[in-house]
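Worksheet for the structure shown next.
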Amino acid sequence: MRWADPADPDSFAEQIDDRTRAIFIESLANPGGTFVDIAAISEVAKQHGLPLIVDNTMASPYLLRPLEHGADIVVHSATKFLGGHGNSMGGIIVDGGTFDWSVSGKFPMLSEPRPEYSGVVLHQAFGNFAFAIACRVLGLRDLGPAIAPMNAFLLLTGIETLPLRMQRHCDNALKVATWLKQHPKVAWVNYAGLDSDPNHALQKRYSPKGAGAVFTFGVKGGYAAGKALVEGLQLFSHLANIGDTRSLVIHPASTTHAQLTEAQQIAAGAGPDVVRLSIGIEDPEDIIGDLEQSLAKV
């Protein structure tokens with residue numbers, strides 16, 4: 001695996017060599033809530049004959065549909081916004097049917113005969129949707145990642161209300177981010193929905209309905225202040241998850257990223273002062289009220 005700068009499409013081309021098999025990006029990145037120029041990175045992928053895989057978990061199909069911007073495959077953690085209630089584990093793979101899996105010879109599982117299926121060539125048999133078929137006939141058969149029926153039911157039920165929930169998530173998050181931006185104890189706010197945010201133009205281009213529910217901000221006072229803020233919240237649930245109907249909070253430096261050095265935390269967008277919020281669908285005044293009472297104690 002090689003890392004590129006999502007803000008610089010040219011940096012992806014610099015990392016590609018004969019061993020590269022795909023480009024993988026997030027449409028809306030966790031934890032910072034920043035948008036990626038999918039179309040520009042798609043051009044890099046096409047120039048090098050590689051599939052572009054986009055994790056669209058944070059945006060959901062309500063805000064952004066990556067296939068319309070050049071993605072070949074889209075993946076979701078359905079545990080997050082699609083299900084929306086934090087009650088089921090699951091994932092989704094969407095094959096756009098736009099990539100030729102045989103032209104380069106880099107994908108023999110799809111372009112060469114499969115002995116366990118009497119020599120069938122998946123790409124010949126199923127065309128450009130061969131990847132989706134392979135996920136079932138190879139991944140499912142050999143590894144068994146079959147979702148439990150009850151989890152499938154809960155996720156499908158959650159998806160029925162996705163448009164209503166996502167718009168409420170976005171509207172609430174913008175109100176909360178705007179309020180935090182003006183608070184004297186807050187050092188900075190990263191939320192693409194703010195007019196002042198450097199990512200705002202990409203947000204308006206790719207996701208005009210809203211900037212999502214997840215973003216980060218920094219509390220003046222660094223590590224101790226960020227940790228104290230989280231401990232003082234009452235409405236927010238202290239969880240590493242995102243995408244629930246309820247508002248969630250975490251201080252990565254003291255929890256999920258605690259084993260990293262400070263330099264590594266900063267590189268991951270989880271520096272000592274960083275607090276990540278996943279804004280729920282509660283009354284926005286209640287959400288702000290909880291942040292206000294906790295900040296008052298910091």
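Each chain of the structure tokens is named A, B, ... in the order shown, its residues numbered from 1; ligands are numbered from 1 in display order.
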
Report task. Excluding stretch 49-62 of chain A and residues on its chain fewer than 4 positions from it, collect all residues at most 8 Å away from it, counting only C-alpha atoms, and give them as an MDAnalysis selection string. Result -> chainID A and resid 20:30 42 45 66 70:78 80:82 99 104 162:163 166 211:214 243

Query raised in the report: Excluding same-chain residues fewer than 2 positions from A:Pro6, what lies within 8 Å of it counting only C-alpha atoms, as a count of residues only?
Result: 7

Report summary line: From atom CA of A:Phe126 to atom CA of A:Gly96 the spacing works out at 12.9 Å

**Report entry** Surrounding residues of A:Trp179 excluding itself and chain neighbours under 3 positions, 12 Å, only C-alpha atoms, as an MDAnalysis selection string
**Finding:** chainID A and resid 172:176 182:186 188:189 191 194 217 284:285 287:289 291:292

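Nearest-residue note for A:Gly218: choosing from A:Glu231, A:Tyr206, A:Asn199, A:Lys181, the minimum distance belongs to A:Lys181, counting only C-alpha atoms.
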
Query raised in the report: Quick one: of A:Ile16, A:Ala192, A:Leu155, A:Ile281, who's nearest to A:Gly86, counting only C-alpha atoms?
Result: A:Leu155

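Inside stretch 2-126 of chain A, the residues DSSP reads as strand (DSSP E) when given the backbone are Ile23, Phe24, Ile25, Glu26, Leu52, Ile53, Val54, Asp55, Ile73, Val74, Val75, His76, Ser77, Gly91, Ile92, Ile93, Val94 and Asp95 of chain A.
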
Dump as a tab-separated table (two decimals), in the first residue's frame, selection limited to C-alpha atoms:
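Result file is result.tsv:
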chain	number	residue	atom	x	y	z
A	23	ILE	CA	-6.68	3.50	-6.44
A	24	PHE	CA	-8.73	3.70	-3.24
A	25	ILE	CA	-10.13	6.94	-1.82
A	26	GLU	CA	-12.85	8.23	0.47
A	52	LEU	CA	-11.03	3.62	-8.87
A	53	ILE	CA	-12.59	2.35	-5.65
A	54	VAL	CA	-14.42	4.93	-3.54
A	55	ASP	CA	-15.50	4.54	0.08
A	73	ILE	CA	-16.53	0.50	-7.51
A	74	VAL	CA	-18.20	2.06	-4.47
A	75	VAL	CA	-18.12	0.59	-0.97
A	76	HIS	CA	-20.06	1.48	2.16
A	77	SER	CA	-19.95	0.51	5.77
A	91	GLY	CA	-21.18	-3.60	4.25
A	92	ILE	CA	-22.07	-2.95	0.63
A	93	ILE	CA	-20.06	-3.27	-2.59
A	94	VAL	CA	-21.46	-1.56	-5.70
A	95	ASP	CA	-19.83	-2.52	-9.01

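Proximity to A:Ala240 was assessed for A:Asp10, A:Pro31, A:His85, A:Ala125 counting only C-alpha atoms; the smallest distance is recorded for A:Pro31.
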